[in-house]
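The next block is model.pdb, given as PDB, C-alpha atoms.
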```
ATOM      1  CA  MET A  25      10.046 -30.532 -35.841
ATOM      2  CA  ARG A  26       8.250 -27.591 -37.393
ATOM      3  CA  ARG A  27       5.282 -28.135 -35.154
ATOM      4  CA  LEU A  28       7.548 -28.291 -32.152
ATOM      5  CA  VAL A  29       9.122 -24.956 -33.106
ATOM      6  CA  ALA A  30       5.667 -23.404 -33.581
ATOM      7  CA  LEU A  31       4.554 -24.714 -30.209
ATOM      8  CA  LEU A  32       7.696 -23.392 -28.590
ATOM      9  CA  ALA A  33       7.170 -19.970 -30.171
ATOM     10  CA  LEU A  34       3.594 -19.949 -28.907
ATOM     11  CA  ILE A  35       4.664 -20.796 -25.379
ATOM     12  CA  LEU A  36       7.339 -18.101 -25.455
ATOM     13  CA  ALA A  37       4.834 -15.541 -26.746
ATOM     14  CA  LEU A  38       2.221 -16.315 -24.085
ATOM     15  CA  PRO A  39       3.451 -13.910 -21.421
ATOM     16  CA  LEU A  40       3.299 -11.081 -23.980
ATOM     17  CA  ALA A  41      -0.328 -11.829 -24.743
ATOM     18  CA  VAL A  42      -1.671 -11.150 -21.236
ATOM     19  CA  PRO A  43      -4.138  -8.292 -21.620
ATOM     20  CA  VAL A  44      -3.437  -5.094 -19.747
ATOM     21  CA  LEU A  45      -6.300  -4.950 -17.286
ATOM     22  CA  GLY A  46      -6.863  -2.558 -14.461
ATOM     23  CA  GLN A  47      -4.724   0.250 -15.821
ATOM     24  CA  ASP A  48      -5.905   3.823 -15.965
ATOM     25  CA  SER A  49      -5.528   6.007 -19.042
ATOM     26  CA  LEU A  50      -4.760   9.273 -17.287
ATOM     27  CA  PRO A  51      -1.385  10.920 -17.953
ATOM     28  CA  PRO A  52       1.140  10.558 -15.116
ATOM     29  CA  ALA A  53       1.229  13.163 -12.330
ATOM     30  CA  PRO A  54       3.303  16.236 -13.270
ATOM     31  CA  TYR A  55       6.373  15.238 -11.246
ATOM     32  CA  ALA A  56       6.139  11.478 -11.761
ATOM     33  CA  TYR A  57       8.722  11.493 -14.563
ATOM     34  CA  GLN A  58       9.751  15.158 -14.512
ATOM     35  CA  GLN A  59      12.855  15.948 -12.504
ATOM     36  CA  LEU A  60      13.041  19.013 -10.302
ATOM     37  CA  ASP A  61      14.830  21.997 -11.881
ATOM     38  CA  ASP A  62      17.214  22.378  -8.968
ATOM     39  CA  PRO A  63      19.731  19.495  -9.223
ATOM     40  CA  ALA A  64      20.427  19.616  -5.481
ATOM     41  CA  LEU A  65      16.744  19.177  -4.648
ATOM     42  CA  GLU A  66      16.356  16.478  -7.298
ATOM     43  CA  ALA A  67      19.307  14.595  -5.780
ATOM     44  CA  LYS A  68      17.635  14.807  -2.370
ATOM     45  CA  ALA A  69      14.358  13.534  -3.824
ATOM     46  CA  GLN A  70      16.169  10.739  -5.694
ATOM     47  CA  ASP A  71      18.009   9.598  -2.551
ATOM     48  CA  LEU A  72      14.688   9.415  -0.733
ATOM     49  CA  MET A  73      12.760   7.724  -3.554
ATOM     50  CA  ILE A  74      15.161   4.770  -3.777
ATOM     51  CA  THR A  75      14.406   4.021  -0.115
ATOM     52  CA  LEU A  76      10.610   4.093  -0.387
ATOM     53  CA  ARG A  77       8.641   0.977  -1.223
ATOM     54  CA  CYS A  78       6.292   0.881  -4.173
ATOM     55  CA  LEU A  79       2.982  -0.297  -2.712
ATOM     56  CA  LYS A  80       1.752  -1.860  -5.955
ATOM     57  CA  CYS A  81       4.906  -3.770  -6.801
ATOM     58  CA  GLN A  82       6.198  -4.529  -3.387
ATOM     59  CA  SER A  83       9.765  -5.504  -4.146
ATOM     60  CA  GLN A  84      10.638  -2.321  -5.982
ATOM     61  CA  SER A  85      11.354   1.180  -4.822
ATOM     62  CA  ILE A  86       9.180   3.983  -6.157
ATOM     63  CA  ALA A  87      12.210   5.195  -8.123
ATOM     64  CA  ASP A  88      12.331   1.863  -9.987
ATOM     65  CA  SER A  89       8.649   1.335 -10.645
ATOM     66  CA  ASP A  90       6.488   2.369 -13.563
ATOM     67  CA  ALA A  91       3.234   1.689 -11.693
ATOM     68  CA  PRO A  92       0.942   4.744 -11.822
ATOM     69  CA  MET A  93       0.778   4.777  -8.036
ATOM     70  CA  ALA A  94       4.572   4.872  -7.758
ATOM     71  CA  GLY A  95       4.475   7.847 -10.148
ATOM     72  CA  ASP A  96       1.954   9.562  -7.889
ATOM     73  CA  MET A  97       4.218   8.875  -4.905
ATOM     74  CA  ARG A  98       7.211  10.352  -6.744
ATOM     75  CA  HIS A  99       5.096  13.411  -7.473
ATOM     76  CA  GLN A 100       4.383  13.748  -3.738
ATOM     77  CA  VAL A 101       8.054  13.345  -2.848
ATOM     78  CA  ARG A 102       9.271  15.851  -5.447
ATOM     79  CA  THR A 103       6.632  18.516  -4.764
ATOM     80  CA  ARG A 104       7.124  18.245  -1.005
ATOM     81  CA  ILE A 105      10.900  18.506  -1.302
ATOM     82  CA  ALA A 106      10.560  21.400  -3.748
ATOM     83  CA  ALA A 107       8.325  23.088  -1.144
ATOM     84  CA  GLY A 108      11.204  22.919   1.328
ATOM     85  CA  GLU A 109      10.356  19.810   3.319
ATOM     86  CA  ASP A 110      13.187  17.728   4.674
ATOM     87  CA  PRO A 111      13.441  14.211   3.100
ATOM     88  CA  GLU A 112      12.997  12.630   6.536
ATOM     89  CA  GLU A 113       9.798  14.649   7.031
ATOM     90  CA  VAL A 114       8.449  13.256   3.771
ATOM     91  CA  ARG A 115       9.404   9.745   4.878
ATOM     92  CA  ALA A 116       7.693  10.324   8.239
ATOM     93  CA  TRP A 117       4.565  11.518   6.413
ATOM     94  CA  LEU A 118       4.399   8.276   4.413
ATOM     95  CA  VAL A 119       5.217   6.110   7.441
ATOM     96  CA  SER A 120       2.341   7.791   9.303
ATOM     97  CA  ARG A 121       0.088   6.556   6.451
ATOM     98  CA  TYR A 122       1.448   3.108   5.686
ATOM     99  CA  GLY A 123       3.592   2.189   8.663
ATOM    100  CA  ASP A 124       7.288   1.199   8.550
ATOM    101  CA  TYR A 125       6.461  -1.068   5.628
ATOM    102  CA  VAL A 126       6.702   1.797   3.136
ATOM    103  CA  SER A 127      10.295   2.611   4.097
ATOM    104  CA  TYR A 128      13.316   0.498   3.151
ATOM    105  CA  LYS A 129      15.563   2.395   5.532
ATOM    106  CA  PRO A 130      16.215   0.253   8.599
ATOM    107  CA  HIS A 131      15.590   1.957  11.916
ATOM    108  CA  LEU A 132      15.837   0.970  15.545
ATOM    109  CA  SER A 133      12.553   0.200  17.276
ATOM    110  CA  SER A 134      11.138  -2.113  19.907
ATOM    111  CA  SER A 135      10.598  -4.832  17.269
ATOM    112  CA  THR A 136      13.780  -4.383  15.198
ATOM    113  CA  TRP A 137      16.425  -4.083  17.908
ATOM    114  CA  PRO A 138      17.406  -7.818  17.767
ATOM    115  CA  LEU A 139      18.462  -7.312  14.141
ATOM    116  CA  PHE A 140      21.095  -4.905  15.373
ATOM    117  CA  ALA A 141      21.907  -6.589  18.670
ATOM    118  CA  ILE A 142      22.342 -10.208  17.497
ATOM    119  CA  PRO A 143      25.215  -9.631  15.020
ATOM    120  CA  LEU A 144      27.011  -7.628  17.691
ATOM    121  CA  LEU A 145      26.498 -10.444  20.167
ATOM    122  CA  VAL A 146      27.722 -13.062  17.667
ATOM    123  CA  VAL A 147      30.887 -11.063  16.974
ATOM    124  CA  LEU A 148      31.531 -10.743  20.720
ATOM    125  CA  VAL A 149      31.007 -14.467  21.353
ATOM    126  CA  ALA A 150      33.178 -15.413  18.367
ATOM    127  CA  GLY A 151      35.901 -13.038  19.509
ATOM    128  CA  PHE A 152      35.786 -14.505  22.977
ATOM    129  CA  ALA A 153      35.969 -18.098  21.660
ATOM    130  CA  ILE A 154      38.862 -17.317  19.321
ATOM    131  CA  THR A 155      40.945 -15.580  21.976
ATOM    132  CA  ARG A 156      40.374 -18.503  24.294
ATOM    133  CA  ARG A 157      41.581 -20.978  21.689
ATOM    134  CA  ILE A 158      44.642 -18.954  20.836
ATOM    135  CA  LYS A 159      45.513 -18.731  24.499
ATOM    136  CA  ALA A 160      44.951 -22.483  24.945
ATOM    137  CA  ARG A 161      47.351 -23.264  22.089
ATOM    138  CA  LYS A 162      50.083 -21.212  23.616
TER     139      LYS A 162
ATOM    140  CA  MET B  24      37.201 -33.371  22.741
ATOM    141  CA  ARG B  25      33.893 -34.282  24.332
ATOM    142  CA  LYS B  26      33.160 -30.572  24.907
ATOM    143  CA  VAL B  27      33.748 -29.762  21.219
ATOM    144  CA  ARG B  28      31.272 -32.499  20.213
ATOM    145  CA  ILE B  29      28.540 -31.059  22.391
ATOM    146  CA  GLY B  30      29.246 -27.617  20.950
ATOM    147  CA  LEU B  31      28.919 -29.037  17.448
ATOM    148  CA  TRP B  32      25.584 -30.626  18.257
ATOM    149  CA  VAL B  33      24.348 -27.340  19.643
ATOM    150  CA  LEU B  34      25.357 -25.702  16.335
ATOM    151  CA  VAL B  35      23.576 -28.410  14.354
ATOM    152  CA  GLY B  36      20.510 -27.859  16.520
ATOM    153  CA  ILE B  37      20.555 -24.122  15.933
ATOM    154  CA  ALA B  38      20.979 -24.617  12.165
ATOM    155  CA  ALA B  39      18.128 -27.150  12.076
ATOM    156  CA  PHE B  40      15.910 -24.749  14.035
ATOM    157  CA  LEU B  41      16.703 -21.915  11.616
ATOM    158  CA  PHE B  42      16.011 -24.051   8.542
ATOM    159  CA  GLY B  43      12.775 -25.220  10.118
ATOM    160  CA  LEU B  44      11.808 -21.627  10.809
ATOM    161  CA  PHE B  45      12.601 -20.604   7.215
ATOM    162  CA  ALA B  46      10.648 -23.558   5.800
ATOM    163  CA  TYR B  47       7.665 -22.687   7.971
ATOM    164  CA  GLN B  48       7.713 -18.988   7.141
ATOM    165  CA  LEU B  49       8.196 -19.629   3.412
ATOM    166  CA  SER B  50       5.249 -22.009   3.342
ATOM    167  CA  GLN B  51       2.927 -19.451   4.943
ATOM    168  CA  PRO B  52       0.712 -17.514   2.515
ATOM    169  CA  LYS B  53       1.975 -13.977   2.084
ATOM    170  CA  ASP B  54      -0.176 -11.216   3.503
ATOM    171  CA  GLU B  55      -0.322  -8.789   0.617
ATOM    172  CA  PHE B  56      -2.539  -6.284   2.336
ATOM    173  CA  ILE B  57      -0.877  -3.121   3.483
ATOM    174  CA  LYS B  58      -3.013  -1.756   6.277
ATOM    175  CA  SER B  59      -3.457   1.942   6.677
ATOM    176  CA  ALA B  60      -1.846   3.470   9.729
ATOM    177  CA  MET B  61      -4.594   6.109   9.764
ATOM    178  CA  ILE B  62      -7.266   4.015  11.469
ATOM    179  CA  GLY B  63      -8.457   5.773  14.609
ATOM    180  CA  GLN B  64      -7.288   9.134  13.311
ATOM    181  CA  ASP B  65      -9.060  12.108  11.794
ATOM    182  CA  ILE B  66      -9.386  12.070   8.051
ATOM    183  CA  PRO B  67      -6.748  14.389   6.506
ATOM    184  CA  ALA B  68      -8.105  17.629   5.075
ATOM    185  CA  PHE B  69      -8.834  17.540   1.348
ATOM    186  CA  ASP B  70     -11.093  19.200  -1.178
ATOM    187  CA  LEU B  71     -11.609  17.282  -4.399
ATOM    188  CA  PRO B  72     -13.460  18.462  -7.510
ATOM    189  CA  ALA B  73     -16.514  16.499  -8.670
ATOM    190  CA  ALA B  74     -15.740  13.375 -10.710
ATOM    191  CA  THR B  75     -19.061  13.500 -12.521
ATOM    192  CA  ALA B  76     -21.745  16.100 -13.253
ATOM    193  CA  SER B  77     -24.364  13.841 -11.693
ATOM    194  CA  ARG B  78     -22.985  14.056  -8.126
ATOM    195  CA  PRO B  79     -21.509  16.879  -6.018
ATOM    196  CA  ALA B  80     -17.811  17.156  -5.189
ATOM    197  CA  LEU B  81     -16.259  15.762  -2.002
ATOM    198  CA  SER B  82     -14.233  17.456   0.715
ATOM    199  CA  SER B  83     -13.115  16.295   4.148
ATOM    200  CA  ALA B  84     -15.686  18.692   5.682
ATOM    201  CA  ASP B  85     -18.465  16.607   4.085
ATOM    202  CA  LEU B  86     -17.222  13.661   6.138
ATOM    203  CA  ALA B  87     -17.587  15.407   9.505
ATOM    204  CA  ASP B  88     -21.249  16.377   9.294
ATOM    205  CA  GLY B  89     -22.345  14.211  12.220
ATOM    206  CA  LYS B  90     -23.388  11.176  10.186
ATOM    207  CA  PRO B  91     -21.150   8.099   9.788
ATOM    208  CA  LYS B  92     -20.356   7.214   6.205
ATOM    209  CA  LEU B  93     -18.607   4.761   3.962
ATOM    210  CA  LEU B  94     -15.803   6.222   1.884
ATOM    211  CA  ASN B  95     -15.264   4.041  -1.170
ATOM    212  CA  ILE B  96     -12.054   4.386  -3.167
ATOM    213  CA  PHE B  97     -12.743   3.165  -6.686
ATOM    214  CA  ALA B  98     -11.953   3.642 -10.365
ATOM    215  CA  SER B  99     -13.782   2.938 -13.591
ATOM    216  CA  TRP B 100     -10.724   1.024 -14.858
ATOM    217  CA  CYS B 101     -10.660  -1.272 -11.825
ATOM    218  CA  VAL B 102     -12.174  -4.696 -12.397
ATOM    219  CA  PRO B 103     -12.895  -5.686  -8.761
ATOM    220  CA  CYS B 104     -14.672  -2.309  -8.342
ATOM    221  CA  ALA B 105     -17.252  -3.497 -10.843
ATOM    222  CA  ALA B 106     -17.504  -6.776  -8.946
ATOM    223  CA  GLU B 107     -18.323  -5.020  -5.675
ATOM    224  CA  ALA B 108     -21.002  -2.736  -7.215
ATOM    225  CA  PRO B 109     -23.944  -4.995  -6.213
ATOM    226  CA  GLN B 110     -22.650  -5.033  -2.623
ATOM    227  CA  LEU B 111     -22.400  -1.234  -2.539
ATOM    228  CA  ALA B 112     -25.962  -1.054  -3.874
ATOM    229  CA  GLU B 113     -27.070  -3.400  -1.108
ATOM    230  CA  LEU B 114     -25.298  -1.284   1.525
ATOM    231  CA  GLU B 115     -27.025   1.827   0.182
ATOM    232  CA  ARG B 116     -30.406   0.073   0.342
ATOM    233  CA  ALA B 117     -29.618  -0.846   3.953
ATOM    234  CA  GLY B 118     -29.309   2.855   4.712
ATOM    235  CA  ALA B 119     -25.556   3.460   4.446
ATOM    236  CA  THR B 120     -24.388   6.799   3.069
ATOM    237  CA  ILE B 121     -21.606   6.093   0.603
ATOM    238  CA  VAL B 122     -19.265   8.707  -0.798
ATOM    239  CA  GLY B 123     -16.722   7.901  -3.477
ATOM    240  CA  VAL B 124     -13.253   8.947  -4.536
ATOM    241  CA  ALA B 125     -12.481   8.126  -8.164
ATOM    242  CA  ILE B 126      -8.765   7.458  -8.639
ATOM    243  CA  ARG B 127      -7.023   8.587 -11.869
ATOM    244  CA  ASP B 128     -10.252   8.718 -13.797
ATOM    245  CA  ARG B 129     -11.937  10.703 -16.578
ATOM    246  CA  GLU B 130     -15.449  12.095 -16.279
ATOM    247  CA  GLU B 131     -16.777  10.192 -19.294
ATOM    248  CA  ASP B 132     -15.317   6.937 -17.964
ATOM    249  CA  VAL B 133     -16.835   7.498 -14.506
ATOM    250  CA  ASP B 134     -20.228   8.242 -16.127
ATOM    251  CA  ARG B 135     -20.015   5.072 -18.196
ATOM    252  CA  PHE B 136     -19.028   3.025 -15.141
ATOM    253  CA  LEU B 137     -21.903   4.411 -13.052
ATOM    254  CA  ALA B 138     -24.381   3.884 -15.899
ATOM    255  CA  THR B 139     -23.290   0.256 -16.222
ATOM    256  CA  TYR B 140     -22.887  -0.775 -12.593
ATOM    257  CA  GLY B 141     -25.168   1.649 -10.741
ATOM    258  CA  ASN B 142     -24.519   4.736  -8.678
ATOM    259  CA  PRO B 143     -24.782   4.249  -4.903
ATOM    260  CA  PHE B 144     -22.727   7.387  -4.187
ATOM    261  CA  ALA B 145     -23.988  10.577  -2.525
ATOM    262  CA  ARG B 146     -20.858  12.450  -3.576
ATOM    263  CA  ILE B 147     -17.874  11.595  -5.762
ATOM    264  CA  GLY B 148     -14.559  13.382  -5.652
ATOM    265  CA  ARG B 149     -11.967  13.096  -8.362
ATOM    266  CA  ASP B 150      -8.388  12.282  -7.348
ATOM    267  CA  ASP B 151      -6.207  12.499 -10.458
ATOM    268  CA  ILE B 152      -2.839  12.015  -8.757
ATOM    269  CA  SER B 153      -3.898   9.642  -5.941
ATOM    270  CA  GLU B 154      -3.187  12.419  -3.442
ATOM    271  CA  VAL B 155      -6.145  11.721  -1.153
ATOM    272  CA  GLN B 156      -5.594   7.992  -1.523
ATOM    273  CA  LEU B 157      -1.986   8.349  -0.359
ATOM    274  CA  SER B 158      -2.984  10.625   2.521
ATOM    275  CA  LEU B 159      -5.465   7.961   3.685
ATOM    276  CA  GLY B 160      -2.863   5.205   3.627
ATOM    277  CA  SER B 161      -4.782   3.328   0.938
ATOM    278  CA  SER B 162      -2.673   1.290  -1.441
ATOM    279  CA  GLY B 163      -5.113   0.162  -4.079
ATOM    280  CA  VAL B 164      -8.624   0.078  -5.483
ATOM    281  CA  PRO B 165     -11.165  -0.758  -4.273
ATOM    282  CA  GLU B 166     -10.913   0.070  -0.602
ATOM    283  CA  THR B 167     -13.674   1.140   1.753
ATOM    284  CA  PHE B 168     -13.188   3.247   4.871
ATOM    285  CA  VAL B 169     -15.737   3.666   7.651
ATOM    286  CA  ILE B 170     -15.763   7.303   8.825
ATOM    287  CA  ASP B 171     -17.644   8.287  11.965
ATOM    288  CA  GLY B 172     -19.729  11.482  12.223
ATOM    289  CA  GLN B 173     -16.750  13.483  13.496
ATOM    290  CA  GLY B 174     -14.609  12.579  10.497
ATOM    291  CA  ARG B 175     -12.533   9.934  12.259
ATOM    292  CA  ILE B 176     -11.492   6.795  10.356
ATOM    293  CA  THR B 177     -12.715   3.765  12.296
ATOM    294  CA  TYR B 178     -12.267   0.885   9.862
ATOM    295  CA  GLN B 179     -10.567  -0.003   6.579
ATOM    296  CA  HIS B 180     -11.712  -2.740   4.230
ATOM    297  CA  ILE B 181      -9.106  -3.700   1.629
ATOM    298  CA  GLY B 182     -10.248  -5.140  -1.678
ATOM    299  CA  ASP B 183     -13.762  -5.607  -2.998
ATOM    300  CA  ILE B 184     -16.614  -6.150  -0.561
ATOM    301  CA  ARG B 185     -17.905  -9.708  -1.029
ATOM    302  CA  PRO B 186     -21.600 -10.511  -0.594
ATOM    303  CA  GLU B 187     -20.886 -12.274   2.713
ATOM    304  CA  GLN B 188     -19.051  -9.178   4.018
ATOM    305  CA  VAL B 189     -21.954  -6.739   3.658
ATOM    306  CA  SER B 190     -23.317  -7.422   7.151
ATOM    307  CA  MET B 191     -19.837  -7.031   8.643
ATOM    308  CA  ILE B 192     -19.474  -3.612   6.969
ATOM    309  CA  LEU B 193     -22.909  -2.587   8.269
ATOM    310  CA  GLU B 194     -21.824  -3.700  11.736
ATOM    311  CA  GLU B 195     -18.686  -1.537  11.476
ATOM    312  CA  LEU B 196     -20.856   1.378  10.394
ATOM    313  CA  ARG B 197     -23.151   0.779  13.357
ATOM    314  CA  LYS B 198     -20.147   0.741  15.690
ATOM    315  CA  ALA B 199     -19.167   4.117  14.235
ATOM    316  CA  GLY B 200     -22.518   5.461  15.424
ATOM    317  CA  ALA B 201     -24.944   4.894  12.556
TER     318      ALA B 201
END
```
Could the structure of this file be written out as structure tokens, please?
Amino acid sequence: MRRLVALLALILALPLAVPVLGQDSLPPAPYAYQQLDDPALEAKAQDLMITLRCLKCQSQSIADSDAPMAGDMRHQVRTRIAAGEDPEEVRAWLVSRYGDYVSYKPHLSSSTWPLFAIPLLVVLVAGFAITRRIKARK
Amino acid sequence: MRKVRIGLWVLVGIAAFLFGLFAYQLSQPKDEFIKSAMIGQDIPAFDLPAATASRPALSSADLADGKPKLLNIFASWCVPCAAEAPQLAELERAGATIVGVAIRDREEDVDRFLATYGNPFARIGRDDISEVQLSLGSSGVPETFVIDGQGRITYQHIGDIRPEQVSMILEELRKAGA
């Protein structure tokens, strides 16, 4: 029993023992964790950051991630917004570097239009079918 | 009633098709590479300080001097960067001009890295906040860009250059006018 407990503890501790490889030792960029002084600008930056994909940890936004690169991206977002850029300009700047992939905000394009059109179509077809049934019952 | 049955079968067919599609897509290996959207475009303007005393600094003007180059994004803390060092040395021996951008790195660490794994770089710029990396559309280290003599990005290699990829990189460099 004791051995089993020890083994179990070892297995549970394993994920903690993975060495931290491939991490730099430089301090984060100035505006990685530092909010902007103007709360209105910071709110703008925050709203944008939650819709930008972290490139290192691809299922998180840069607002959620502690990856150094996400910090560097937050620094870009905050300094650009502090310099008077519009959030959508900052998004466009990143999209021009990484493609649509970097943005979580859905937009209409030649490859995404079915995502918007199909639900509409389904609702129309369903509506048509339901009205026909109701009429048939009467 | 017959009509309803056919409709049901159509629904079953659609559902089966969707599940099949999901199963197929889920079983495909995920492409984790995020390609730069900057290929074919001019390199964005930048001016980085030198990452080490042993090599000069790097600016975008250095990349438009008429000679095609390899721009290697690396870091001393990056393990695959050490793994690709022999390939960079081979590319340099084959006549390629390689310039480097060290990401989030300290001078003493860069010096130690170059002393251990060799220094194939003509110039090394120091990018402490990944600014140039982000402006290039690069999402990790190492990455290697082929830049033609006019400073236009013609090719992006993501990840470390394997021994069998050296000739392909040289071919890309040749296509850029080397």
Determine, for each residue of chain A having at least one atom at most 10 Å from an atom of chain B, the closest pair of atoms and their separation in Å to one decimal, counting all atoms listed in the file; order by chain and ascending number, as JSON lines.
```
{"residue": "A:Leu45", "atom": "CA", "partner": "B:Val102", "partner_atom": "CA", "distance": 7.6}
{"residue": "A:Gly46", "atom": "CA", "partner": "B:Cys101", "partner_atom": "CA", "distance": 4.8}
{"residue": "A:Gln47", "atom": "CA", "partner": "B:Trp100", "partner_atom": "CA", "distance": 6.1}
{"residue": "A:Asp48", "atom": "CA", "partner": "B:Trp100", "partner_atom": "CA", "distance": 5.7}
{"residue": "A:Ser49", "atom": "CA", "partner": "B:Asp128", "partner_atom": "CA", "distance": 7.6}
{"residue": "A:Leu50", "atom": "CA", "partner": "B:Arg127", "partner_atom": "CA", "distance": 5.9}
{"residue": "A:Pro51", "atom": "CA", "partner": "B:Arg127", "partner_atom": "CA", "distance": 8.6}
{"residue": "A:Pro52", "atom": "CA", "partner": "B:Ile152", "partner_atom": "CA", "distance": 7.6}
{"residue": "A:Ala53", "atom": "CA", "partner": "B:Ile152", "partner_atom": "CA", "distance": 5.5}
{"residue": "A:Pro54", "atom": "CA", "partner": "B:Ile152", "partner_atom": "CA", "distance": 8.7}
{"residue": "A:Ala56", "atom": "CA", "partner": "B:Ile152", "partner_atom": "CA", "distance": 9.5}
{"residue": "A:Cys78", "atom": "CA", "partner": "B:Ser162", "partner_atom": "CA", "distance": 9.4}
{"residue": "A:Leu79", "atom": "CA", "partner": "B:Ser162", "partner_atom": "CA", "distance": 6.0}
{"residue": "A:Lys80", "atom": "CA", "partner": "B:Ser162", "partner_atom": "CA", "distance": 7.1}
{"residue": "A:Gln82", "atom": "CA", "partner": "B:Glu55", "partner_atom": "CA", "distance": 8.8}
{"residue": "A:Pro92", "atom": "CA", "partner": "B:Ile152", "partner_atom": "CA", "distance": 8.7}
{"residue": "A:Met93", "atom": "CA", "partner": "B:Ser153", "partner_atom": "CA", "distance": 7.1}
{"residue": "A:Ala94", "atom": "CA", "partner": "B:Ser153", "partner_atom": "CA", "distance": 9.9}
{"residue": "A:Gly95", "atom": "CA", "partner": "B:Ile152", "partner_atom": "CA", "distance": 8.5}
{"residue": "A:Asp96", "atom": "CA", "partner": "B:Ile152", "partner_atom": "CA", "distance": 5.5}
{"residue": "A:Met97", "atom": "CA", "partner": "B:Leu157", "partner_atom": "CA", "distance": 7.7}
{"residue": "A:His99", "atom": "CA", "partner": "B:Ile152", "partner_atom": "CA", "distance": 8.2}
{"residue": "A:Gln100", "atom": "CA", "partner": "B:Glu154", "partner_atom": "CA", "distance": 7.7}
{"residue": "A:Trp117", "atom": "CA", "partner": "B:Ser158", "partner_atom": "CA", "distance": 8.5}
{"residue": "A:Leu118", "atom": "CA", "partner": "B:Gly160", "partner_atom": "CA", "distance": 7.9}
{"residue": "A:Val119", "atom": "CA", "partner": "B:Ala60", "partner_atom": "CA", "distance": 7.9}
{"residue": "A:Ser120", "atom": "CA", "partner": "B:Ala60", "partner_atom": "CA", "distance": 6.0}
{"residue": "A:Arg121", "atom": "CA", "partner": "B:Gly160", "partner_atom": "CA", "distance": 4.3}
{"residue": "A:Tyr122", "atom": "CA", "partner": "B:Ser59", "partner_atom": "CA", "distance": 5.1}
{"residue": "A:Gly123", "atom": "CA", "partner": "B:Ala60", "partner_atom": "CA", "distance": 5.7}
{"residue": "A:Asp124", "atom": "CA", "partner": "B:Ala60", "partner_atom": "CA", "distance": 9.5}
{"residue": "A:Tyr125", "atom": "CA", "partner": "B:Ile57", "partner_atom": "CA", "distance": 7.9}
{"residue": "A:Val126", "atom": "CA", "partner": "B:Ile57", "partner_atom": "CA", "distance": 9.0}
```
Item to complete: Evaluate the PyMOL selection byres ((chain B and resi 145) around 9) and record the selected residues as an MDAnalysis selection string, following the chain and residue labels used in the document.
Response: chainID B and resid 78:79 120:123 142:144 146:147
Just C-alpha atoms for this one: save the residues we selected as a PDB file, in the frame of the given file.
```
ATOM      1  CA  ARG B  78     -22.985  14.056  -8.126  1.00  0.00           C
ATOM      2  CA  PRO B  79     -21.509  16.879  -6.018  1.00  0.00           C
ATOM      3  CA  THR B 120     -24.388   6.799   3.069  1.00  0.00           C
ATOM      4  CA  ILE B 121     -21.606   6.093   0.603  1.00  0.00           C
ATOM      5  CA  VAL B 122     -19.265   8.707  -0.798  1.00  0.00           C
ATOM      6  CA  GLY B 123     -16.722   7.901  -3.477  1.00  0.00           C
ATOM      7  CA  ASN B 142     -24.519   4.736  -8.678  1.00  0.00           C
ATOM      8  CA  PRO B 143     -24.782   4.249  -4.903  1.00  0.00           C
ATOM      9  CA  PHE B 144     -22.727   7.387  -4.187  1.00  0.00           C
ATOM     10  CA  ARG B 146     -20.858  12.450  -3.576  1.00  0.00           C
ATOM     11  CA  ILE B 147     -17.874  11.595  -5.762  1.00  0.00           C
TER      12      ILE B 147
END
```
(request) Give me, please, the distance in Å between atom CA of Asp90 of chain A and atom CA of Val114 of chain A, quoted to one decimal. (result)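 According to the coordinates, atom CA of Asp90 of chain A and atom CA of Val114 of chain A are separated by 20.6 Å.
Here atom CA of Leu137 of chain B is placed at a distance of 14.1 Å from atom CA of Gln110 of chain B.
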Skipping near chain neighbours, those fewer than 6 positions away, what residues fall within 12 Å of Glu109 of chain A using all atoms listed in the file, listed as a ChimeraX atom specification? /A:65,68-69,72,100-103,115-117
Restricting to all atoms listed in the file, whichever of A:Thr155, A:Ala64, A:Tyr57, A:Ile74 is closest to Ser127 of chain A is A:Ile74
Pairwise distance, atom CA of Pro143 of chain A with atom CA of Ser50 of chain B, equals 26.2 Å
Closest to Ala108 of chain B among B:Asp134, B:Asp183, B:Asp65, B:Asp150, using only C-alpha atoms?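 Under the stated criterion, the closest residue is B:Asp183.
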If the PyMOL selection byres ((chain B and resi 176) around 12) is run on the structure shown, which residues does it catch, given as a ChimeraX atom specification?
-> /B:59-67,83,86-87,91-94,159-160,167-175,177-180,195-196,198-199
Report the centre and edge lengths, in Å to one decimal, of an axis-aligned box enclosing every atom of segment 83-89 of chain A listed in the file, padded by 4 Å on each side, as lines of an AutoDock Vina configuration file.
```
center_x = 10.5
center_y = -0.2
center_z = -7.4
size_x = 11.7
size_y = 18.7
size_z = 14.5
```
Could segment 180-185 of chain B be completed with N, CA and C atoms and returned as a short mmCIF file (atom, residue, chain, number, x, y, z; two decimals), keeping the file's coordinate frame?
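Output saved as selection-v9.cif:
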```cif
data_model
loop_
_atom_site.label_atom_id
_atom_site.label_comp_id
_atom_site.auth_asym_id
_atom_site.auth_seq_id
_atom_site.Cartn_x
_atom_site.Cartn_y
_atom_site.Cartn_z
N HIS B 180 -11.53 -1.46 4.91
CA HIS B 180 -11.71 -2.74 4.23
C HIS B 180 -10.89 -2.71 2.95
N ILE B 181 -9.98 -3.68 2.80
CA ILE B 181 -9.11 -3.70 1.63
C ILE B 181 -9.64 -4.69 0.62
N GLY B 182 -9.73 -4.26 -0.63
CA GLY B 182 -10.25 -5.14 -1.68
C GLY B 182 -11.75 -4.98 -1.83
N ASP B 183 -12.33 -5.74 -2.76
CA ASP B 183 -13.76 -5.61 -3.00
C ASP B 183 -14.56 -6.21 -1.85
N ILE B 184 -15.72 -5.64 -1.60
CA ILE B 184 -16.61 -6.15 -0.56
C ILE B 184 -17.38 -7.33 -1.15
N ARG B 185 -17.20 -8.51 -0.56
CA ARG B 185 -17.90 -9.71 -1.03
C ARG B 185 -19.30 -9.73 -0.45
#
```
